[in-house]
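A.B. asks: Provided herewith is a single structure, encoded as structure tokens, for subsequent inquiry.
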Amino acid sequence: MLERFRAPSLRTFGVAVTTLLFSGGLAALPAVADESDIVSSTTQAMQPALEIATDQFIVGLREDNAGAQAAETAGNAVSQAATKLGVLATNLRESATGGHIVKLDEALPADEAEVFLDALRSDPAVEYAEPDAIMQTAADPNDGLYSLQWDLWEDFAGLRAPGAWEYNRGQGVVVAVVDTGITSHFELDGNVLPGYDMISSSQAARDGDGRDADPTDEGDWISANQCYWGSPQGVSSWHGTHVAGTVAAIGGNGKGVTGVAPEAKILPLRALGACGGYTSDIADSIVWAAGGVVSGAPINPNPARVINLSLGGISPCSASYQNAINFAYNSGAAVVVAAGNSNRPAADSSPANCQNVITVAASGRNGARAPYSNYGSAVDVTAPGGDISFDVRNGILSTSNFGATTREDPAYEFMQGTSMAAPHVAGVAALWFSELGGMTNPESLERRLKATSRPLPGGCPAGCGSGLVDAAAALDIYLPSWVIPLPVLFTDEDGTLGDSFTIPEVTGVEYLVGGNAVAAGTYPGTGTVTVAARALKKYVLAEGAVSEWAHEFKATPFVVTPAPVTFTDVDGTKDDTYTIPATEGVEYLVGGNVVAAGTYPGSGTVTITARAMTDYVLAEGTVTEWSQLFKTTPAPVVFADLPVGAQFFDEISWLAAQGISTGWTEADGSKSFRPVQAVNRDAMAAFMYRLAGSPAFNAPAVSPFADITPSTQFYKEITWLASQGISTGWVEANGSKTFRPVQPVNRDAMAAFMYRFAGKPAFVDSQVFVDVPPGAQFHAEISWLSGAGISTGWTAADGSKTFQPLVPVNRDAMAAFMYRYHQKYMNN
């Protein structure tokens, strides 16, 4: 292999626009001269480790045990087998092939594992049971320069990436690198997606135009005084290529280096050129990377889950930055930012001082804060950024280019800076999202990184956030068992010896009386007894589980006062109801029949009476009858934020009159509709359910989606929507299904919902909108929506029509869509 070295000069940008947060090494590592010098690599086969204890097993059930009760059946079989060995077992998840992954609280050697497996196989419900064998690579990554990447593998001051690679290597995750662009490099090309050049200045872009679809780095060399008077001459940095390599250089190919997430995809955004880049270009890059609309640019077909910003300037966080970052954050993308290289508080550096970002300081190979790194309260975590003050090999080695000005052959280079630290964290973020998919979000990622970081071994008195990021610890995700406490049973025989309460026995749950744990059993009851339940270690209570029970034992019959019945009269709409309360010792009757507590439809005249139950008497003079005549004429609904003549005024008024939406009651008593607020997926489910006439539907006891439960707002409406085939949600990387209830509904998804709601009617497909070409997602449904007159889109100055499919649907437009649909298909 021919060896060559690149020797860039060190430089610092001091201009008002955003600059790169790095400095180059005094020497670069050799690159391959041409492809003929590259030695073909051998795939690193995964082989089962011999005689290695394992704490995970896979259990398959017979076909007649499949379905909703499968997890419970598997749990029972595993619990019985685990009891024989005195270990605790947790049912982690169901694999894509139908096996249940079971984790024990300790690893079993081969002989004990066989005992456990025999016990499982003896259960008639079990089809097969096998160890979830621990697989090991034959060696560390075989990349030729991996031994120089101390920042990845060193236990003392490195990222500890090899431990994280036991879980995944970033598969299925897109990481946007907003930087100087990217150059062709055999370590990157296979992982690079089509990006975009957001540099609006053709002079700074050096490619003959402004923004375009080619994010290639044209070089950011500068001549003396080019950026400002006194600015020095400098060579091209190839900064974006170096950052991209740290994130996702291809690993295991026998060539050069590996990235933190070598199987993630890089989305290159070119926003920095000679002398840096404008905030507006960077902000647009953030929005585009997260899937947002940027004028003049096509929609990004590969929205990023992670956005790396190895850049910054000394200024407060601008509104442009914060708005762009908020959009990305709310779209589910984590924004990772370099803290800055000024050896000053990171709170002075933007966008490191913005909200909803993960701000990263830099550390050296000595385990201390790098001398150039910013510090302080704005820092969230720290990662290796290198320090080449005394030895270039203590910098961060990654992909680069030999060109001093314009591009030449691919190369490798040592650099230092918080620019190098940030992509380490972006890579760990990619591993995290690859592992958990839609079950996590940027907030959870930040909490996990902070919770698993370790103190800097070399110290950081000035403040380095929660510490040095530990990739292996961050990916070591322990999933506790969910438990539901059984209820406490009270037996009240009015002051006799039969008064008692019984505490059940439940694995993973302990019950407390007066703050003291009480064993399962039956105890005498007197006075008021309150029993609470809490989860034991390695267990958590299921969401919505009842965890407290109280009872007042009667010595003589109790005197009770019935709580009043509540009537809601909305003038002849479907919201006319009456609510019968739950009052101990009291039963309520309608038409002489006992009616359970709850809310019921109201119409005509409704009369409810109350009477005492056995062992109770009504208090003297208490009210025992309530009556209401429900009005039948709807009253006009007036929204304070919707004046007469406003866009879609009639459609919104119709929506309210139908009871599909009644808006919000504000603090001053006025009602508002919030017409330009985006509609989330859960609210859209509720609107469609009501548009359908609120049909009778029994929501399933077990949620079909991993991110909603029976206690989730609009659970009934969401599961109805799914049962009708109107929305099936998403299948995540781990095989689970999610609905994403608080995600805004885009216009293209709204078209699909309404087309399915209509029963998928036949229609003539046509090309109507220039931004919805044939083959685009939901092209047919959008064509139907247009043909039905439900949406006409927008007409541009040149006469072309656009639909803007990825723009969220506002509430006023949703009212118009539903009104037009009703008029065409439901108004008989």
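Residues in the structure tokens are named by chain (A, B, ... in the order shown) and by number from 1 within that chain; ligands are numbered from 1 in the order shown.
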Any chance you could list, as a ChimeraX atom specification, the residues in range 493-740 of chain A that come up strand (DSSP E) when DSSP is run on the backbone?
C.D. replies: /A:500-503,509-513,516-518,521-524,528-535,539-541,548-552,558-560,566-568,577-580,586-590,593-595,598-601,605-612,616-618,625-629,664-665,671-672,730-731,737-738
A.B. asks: Can you pull out the residues contacting range 664-668 of chain A? Cut-off 12 Å, using only C-alpha atoms, and skip same-chain residues under 4 positions away; I want them as a count of residues only.
C.D. replies: 10
A.B. asks: Write out as a ChimeraX atom specification which residues come within 10 Å of Thr622 in chain A when counting only C-alpha atoms, dropping same-chain ones fewer than 5 positions away.
C.D. replies: /A:560-563,610
A.B. asks: Rank A:Glu72, A:Asp197, A:Asp64, A:Asp470 by their smallest atom-to-atom distance to Asp155 in chain A, using only C-alpha atoms, and report the top residue only.
C.D. replies: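 Smallest distance to Asp155 in chain A is found for A:Asp470.
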A.B. asks: Find the residues around Met420 in chain A up to 8 Å (only C-alpha atoms counted), leave out those fewer than 3 positions away in its own chain, and share them as a list in words.
C.D. replies: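 In the requested format, the answer is Leu21, Phe22, Val243, Thr246, Ser310, Ala362, Pro384, Gly385, Gly386, Ile396, Met415, Gln416, Gly417, Pro423 and His424 of chain A.
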A.B. asks: For each of A:Pro761, A:Gly364, A:Pro194, A:Gly276, take the minimum atom-to-atom distance to Ala780 in chain A, counting only C-alpha atoms, then give the residue where this is smallest.
C.D. replies: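 Residue with the minimum atom-to-atom distance to Ala780 in chain A: A:Pro761.
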A.B. asks: Tell me which protein, DNA and RNA residues are within 7 Å of Arg211 in chain A, counting only C-alpha atoms, leaving out same-chain ones fewer than 5 positions away, and put them as an MDAnalysis selection string.
C.D. replies: chainID A and resid 197:200
A.B. asks: How would the residues just picked look written out with N, CA, C and O atoms as a short mmCIF file (atom, residue, chain, number, x, y, z; two decimals), in the first residue's frame?
C.D. replies:
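The resulting again_26.cif:
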data_model
loop_
_atom_site.label_atom_id
_atom_site.label_comp_id
_atom_site.auth_asym_id
_atom_site.auth_seq_id
_atom_site.Cartn_x
_atom_site.Cartn_y
_atom_site.Cartn_z
N ASP A 197 -27.12 20.81 -1.26
CA ASP A 197 -26.24 21.96 -1.08
C ASP A 197 -27.12 23.15 -0.73
O ASP A 197 -27.86 23.67 -1.57
N MET A 198 -27.07 23.58 0.55
CA MET A 198 -27.92 24.68 1.02
C MET A 198 -27.20 26.03 1.00
O MET A 198 -27.76 27.02 1.49
N ILE A 199 -25.97 26.10 0.49
CA ILE A 199 -25.27 27.38 0.45
C ILE A 199 -25.95 28.27 -0.58
O ILE A 199 -25.99 27.94 -1.78
N SER A 200 -26.51 29.37 -0.14
CA SER A 200 -27.28 30.23 -1.03
C SER A 200 -26.39 31.18 -1.83
O SER A 200 -26.82 31.70 -2.86
#
A.B. asks: Using only C-alpha atoms, find the one residue out of A:Gly291, A:Tyr412, A:Trp165, A:Val174 that sits nearest to Leu145 in chain A.
C.D. replies: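 Of all the options, A:Tyr412 lies closest to Leu145 in chain A.
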A.B. asks: Just checking: using only C-alpha atoms, which residue out of A:Gly312, A:Gly458, A:Gly525, A:Pro124 ends up closest to Thr73 in chain A?
C.D. replies: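 Nearest to Thr73 in chain A: A:Pro124.
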A.B. asks: Using only C-alpha atoms, which residues sit within 9 Å of Arg681 in chain A once same-chain residues fewer than 2 positions away are excluded, as a list in words?
C.D. replies: Val679, Ala683, Met684, Ala685, Ala686, Ile718, Phe739, Arg740, Pro741, Val742, Gln743, Pro744 and Val745 of chain A
A.B. asks: Have a look at A:Ser320, A:Asn516, A:Ser653, A:Thr530 and name the one nearest to Phe501 in chain A; count only C-alpha atoms.
C.D. replies: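 So, comparing all the options, the nearest one is A:Thr530.
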